[in-house]
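J.: This is the structure, below, for whatever I ask next.
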Amino acid sequence: MPLLAELTQLSALTLVLLIGAAFVAGWVDAVVGGGGLIQLPALLTAMPSDASSGAVLGTNKIASAAGTAVSSWTYVRRITPVAATAWPLVVCALGGSAAGAAMASLIPKPWLTPIVLVALLAVGAYTLLKPSMGLEHAPRHQGRSHLLRAGGIGAGVGVYDGILGPGTGSFFIILMVSLLGYGFLEASVHAKLANLTTNVGALLVFGLQGQVWWLLGGVLALANLSGGFLGARLALRLGSRFVRIVFLVVTGALAARLAVDTALMLL
């Protein structure tokens, strides 16, 4: 499809609303992850009904990758990632994402929403019941034990991102906080790097399939990275307590949306 033809299929109001959604998604994603809760549904609603799922997902990944890249850069300038955490997390996340994408067609979609809903409710309740968790950065493991845990987190969440995706950043963060003893802010730095890896990997696959709306994705990417830059700066300034609050809000919103989706499927 010619690049300009992509935008002519959307009204001016629709395009403005999409740009706004991308900005907010970038902000949320930079702080705690879960921007897909905002951006992906907006694209599903706005793009033509005959657009393939690959086109929707691929276009979404352009904006997501851009926003995650700029928020990662903003975080890394202030907080140096721990190599022993970052490398196994990122490498295993990439492999897990590829495996998840390969398995996506084998798993019945109706199973996924209830599974993710239960996981989110468990994560939200666990975080709410432990008010001091993640407010202090106190890593609990070293050496091989740390490497295996970091790699396991990367692989597990990577598989989920390859199959479905929404809330990936939030899952990275809460697992690093609960299993590695990281503070919410320090976990966010590593989560951004891992999420950037899974976004780029998925984008390459969709791009090679020729399904991406590059111009629309580029416009949304500018809005997303603007939101990501501001969100990361705010999180760095306000610290782990602020990130924890946003985490609970985003987790609750995502759980509510999945609950509605599950109820609609059962009706």
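Following the order of the structure tokens, chains are lettered A, B, ..., residues in each are numbered from 1, and ligands are numbered from 1.
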Would you return as a PyMOL selection string the members of segment 2-116 of chain A that DSSP assigns to alpha helix (DSSP H) on this structure's backbone?

T.: chain A and resi 3-8+12-31+36-46+53-78+83-103+109-116

J.: Can you tell me which residues surround Gly218 of chain A at a distance of at most 9 Å, considering only C-alpha atoms, apart from same-chain residues fewer than 6 positions away, and format the answer as an NGL selection string?

T.: :A and (59 or 62-63 or 66)

J.: Neighbours of Ile79 of chain A within 9 Å (only C-alpha atoms; same-chain residues fewer than 4 positions away dropped), as a list in words?

T.: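 In the requested format, the answer is Thr74, Tyr75, Glu186, Val189 and Leu236 of chain A.
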
J.: How would the residues just chosen look if you wrote them out with N, CA and C atoms as a PDB file, in the first residue's frame?

T.:
```
ATOM      1  N   THR A  74      16.557   7.297  28.451  1.00  0.00           N
ATOM      2  CA  THR A  74      16.404   8.248  29.550  1.00  0.00           C
ATOM      3  C   THR A  74      16.740   7.598  30.882  1.00  0.00           C
ATOM      4  N   TYR A  75      16.264   6.372  31.097  1.00  0.00           N
ATOM      5  CA  TYR A  75      16.566   5.658  32.334  1.00  0.00           C
ATOM      6  C   TYR A  75      18.058   5.351  32.455  1.00  0.00           C
ATOM      7  N   GLU A 186      14.489   0.637  39.841  1.00  0.00           N
ATOM      8  CA  GLU A 186      15.586  -0.133  39.242  1.00  0.00           C
ATOM      9  C   GLU A 186      15.054  -1.242  38.339  1.00  0.00           C
ATOM     10  N   VAL A 189      14.121   0.093  34.816  1.00  0.00           N
ATOM     11  CA  VAL A 189      15.237   0.272  33.873  1.00  0.00           C
ATOM     12  C   VAL A 189      15.466  -1.006  33.070  1.00  0.00           C
ATOM     13  N   LEU A 236      11.850   8.977  37.283  1.00  0.00           N
ATOM     14  CA  LEU A 236      13.170   9.153  37.885  1.00  0.00           C
ATOM     15  C   LEU A 236      13.131  10.217  38.980  1.00  0.00           C
TER      16      LEU A 236
END
```

J.: Might you pull out every residue within 8 Å of Leu193 of chain A, with only C-alpha atoms counted and same-chain residues fewer than 5 positions away left off, and present them as a list in words?

T.: Thr68, Ala69, Ser72, Ala86 and Val90 of chain A

J.: Can you work out which one of A:Ala98, A:Leu230, A:Leu225, A:Leu185 has the shortest atom-to-atom distance to Thr80 of chain A, counting only C-alpha atoms?

T.: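 Selected residue with least distance to Thr80 of chain A: A:Leu185.
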
J.: Tell me which of A:Gly181, A:Gly231, A:Gly100, A:Gly154 sits closest to Pro88 of chain A, counting only C-alpha atoms.

T.: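 Closest candidate: A:Gly154.
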
J.: Select, from A:Ala232, A:Leu264, A:Ile245, A:Ala93, the residue with the minimum atom-to-atom distance to Gly201 of chain A, counting only C-alpha atoms.

T.: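 When distances to Gly201 of chain A are compared using only C-alpha atoms, the smallest one comes from A:Ala93.
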
J.: Would you mind listing what lies within 10 Å of Leu175 of chain A as a compact mmCIF listing (two decimals) with N, CA, C and O atoms, in the first residue's frame, with only C-alpha atoms counted and same-chain residues fewer than 6 positions away left out?

T.:
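Once written, selection.txt looks like this:
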```txt
# COMPACT_ATOMS: atom_id res chain seq x y z
N VAL A 123 -1.05 -10.64 40.77
CA VAL A 123 0.05 -9.69 40.86
C VAL A 123 -0.40 -8.43 41.60
O VAL A 123 0.31 -7.92 42.48
N ARG A 149 17.55 -16.79 37.61
CA ARG A 149 16.28 -16.10 37.86
C ARG A 149 16.02 -15.01 36.82
O ARG A 149 14.91 -14.87 36.30
N ALA A 150 17.05 -14.24 36.51
CA ALA A 150 16.90 -13.17 35.52
C ALA A 150 16.56 -13.76 34.15
O ALA A 150 15.68 -13.27 33.43
N GLY A 152 15.16 -16.68 33.60
CA GLY A 152 13.82 -17.26 33.66
C GLY A 152 12.73 -16.20 33.51
O GLY A 152 11.72 -16.43 32.84
N ILE A 153 12.95 -15.05 34.13
CA ILE A 153 11.99 -13.95 34.00
C ILE A 153 11.91 -13.51 32.54
O ILE A 153 10.83 -13.33 31.97
N GLY A 154 13.08 -13.34 31.91
CA GLY A 154 13.12 -12.92 30.51
C GLY A 154 12.41 -13.89 29.60
O GLY A 154 11.60 -13.50 28.74
N VAL A 157 8.33 -14.08 30.47
CA VAL A 157 7.58 -12.91 30.03
C VAL A 157 7.72 -12.73 28.52
O VAL A 157 6.80 -12.28 27.85
N GLY A 181 14.39 -8.92 44.32
CA GLY A 181 14.56 -7.93 45.37
C GLY A 181 14.84 -6.54 44.86
O GLY A 181 15.31 -5.68 45.61
N TYR A 182 14.56 -6.27 43.59
CA TYR A 182 14.82 -4.95 43.02
C TYR A 182 13.77 -3.94 43.48
O TYR A 182 12.63 -4.30 43.79
N ALA A 187 13.94 -1.85 38.74
CA ALA A 187 13.33 -2.88 37.90
C ALA A 187 12.84 -2.29 36.59
O ALA A 187 12.94 -2.93 35.53
N ALA A 191 13.40 -3.57 32.80
CA ALA A 191 12.18 -3.94 32.07
C ALA A 191 12.12 -3.23 30.73
O ALA A 191 11.69 -3.81 29.72
```

J.: So how far away is atom CA of Gly35 of chain A from atom CA of Val70 of chain A, in Å?

T.: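 Answer for the atom CA of Val70 of chain A to atom CA of Gly35 of chain A separation: 14.3 Å.
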
J.: Just want the 8 Å neighbourhood of Ala65 of chain A, counted on only C-alpha atoms, with same-chain residues fewer than 5 positions away dropped. Output as a PyMOL selection string.

T.: chain A and resi 196+199-200+221

J.: If I take atom CA of Ala223 of chain A and atom CA of Arg241 of chain A, how far is one from the other in Å, to one decimal?

T.: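 Here the two named atoms are 26.4 Å from each other.
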
J.: Just give me the gap between atom CA of Val243 of chain A and atom CA of Thr45 of chain A in Å, one decimal is fine.

T.: 29.2 Å

J.: Restricting the calculation to only C-alpha atoms, which member of A:Met47, A:Leu180, A:Ala55, A:Ile173 is positioned closest to Ser11 of chain A?

T.: A:Met47

J.: Contacts of Val91 of chain A at 10 Å or less, counting only C-alpha atoms, minus same-chain residues fewer than 2 places along, as a ChimeraX atom specification?

T.: /A:86-89,93-96,151,154-155,158,194,197-198

J.: Quick one: write out the picked residues with N, CA, C and O atoms as a tab-separated table (two decimals), in the first residue's frame?

T.:
```tsv
chain	number	residue	atom	x	y	z
A	86	ALA	N	20.85	-7.58	33.18
A	86	ALA	CA	20.41	-7.14	31.86
A	86	ALA	C	20.65	-8.18	30.77
A	86	ALA	O	19.76	-8.45	29.95
A	87	TRP	N	21.84	-8.77	30.74
A	87	TRP	CA	22.16	-9.69	29.64
A	87	TRP	C	21.28	-10.94	29.61
A	87	TRP	O	20.66	-11.25	28.59
A	88	PRO	N	21.19	-11.70	30.72
A	88	PRO	CA	20.30	-12.88	30.66
A	88	PRO	C	18.84	-12.50	30.45
A	88	PRO	O	18.10	-13.20	29.77
A	89	LEU	N	18.42	-11.37	31.03
A	89	LEU	CA	17.04	-10.93	30.88
A	89	LEU	C	16.73	-10.63	29.42
A	89	LEU	O	15.72	-11.11	28.87
A	93	ALA	N	14.62	-12.95	26.92
A	93	ALA	CA	13.36	-12.32	26.49
A	93	ALA	C	13.21	-12.40	24.98
A	93	ALA	O	12.12	-12.65	24.47
A	94	LEU	N	14.31	-12.18	24.26
A	94	LEU	CA	14.27	-12.27	22.80
A	94	LEU	C	13.92	-13.68	22.35
A	94	LEU	O	13.05	-13.89	21.50
A	95	GLY	N	14.59	-14.68	22.94
A	95	GLY	CA	14.29	-16.06	22.60
A	95	GLY	C	12.87	-16.45	22.98
A	95	GLY	O	12.17	-17.13	22.22
A	96	GLY	N	12.43	-16.01	24.16
A	96	GLY	CA	11.08	-16.32	24.60
A	96	GLY	C	10.02	-15.69	23.71
A	96	GLY	O	9.01	-16.32	23.39
A	151	GLY	N	17.26	-14.84	33.79
A	151	GLY	CA	16.97	-15.50	32.51
A	151	GLY	C	15.59	-16.11	32.48
A	151	GLY	O	14.88	-16.04	31.46
A	154	GLY	N	13.08	-13.34	31.91
A	154	GLY	CA	13.12	-12.92	30.51
A	154	GLY	C	12.41	-13.89	29.60
A	154	GLY	O	11.60	-13.50	28.74
A	155	ALA	N	12.70	-15.19	29.78
A	155	ALA	CA	12.10	-16.20	28.91
A	155	ALA	C	10.59	-16.28	29.11
A	155	ALA	O	9.81	-16.31	28.15
A	158	GLY	N	8.89	-13.10	27.98
A	158	GLY	CA	9.08	-13.02	26.53
A	158	GLY	C	8.10	-13.90	25.78
A	158	GLY	O	7.55	-13.50	24.75
A	194	ALA	N	14.46	-5.00	28.24
A	194	ALA	CA	13.90	-6.29	27.81
A	194	ALA	C	12.71	-6.09	26.89
A	194	ALA	O	12.57	-6.76	25.86
A	197	THR	N	13.69	-5.08	23.43
A	197	THR	CA	14.15	-6.24	22.65
A	197	THR	C	12.98	-7.01	22.06
A	197	THR	O	13.00	-7.36	20.87
A	198	THR	N	11.95	-7.27	22.85
A	198	THR	CA	10.82	-8.04	22.34
A	198	THR	C	10.04	-7.24	21.29
A	198	THR	O	9.55	-7.80	20.32
```

J.: Using only C-alpha atoms, pick whichever of A:Ser49, A:Ser226, A:Ser145, A:Gln209 has the shortest atom-to-atom distance to Ile19 of chain A.

T.: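 Of A:Ser49, A:Ser226, A:Ser145, A:Gln209, the one nearest Ile19 of chain A is A:Ser226, counting only C-alpha atoms.
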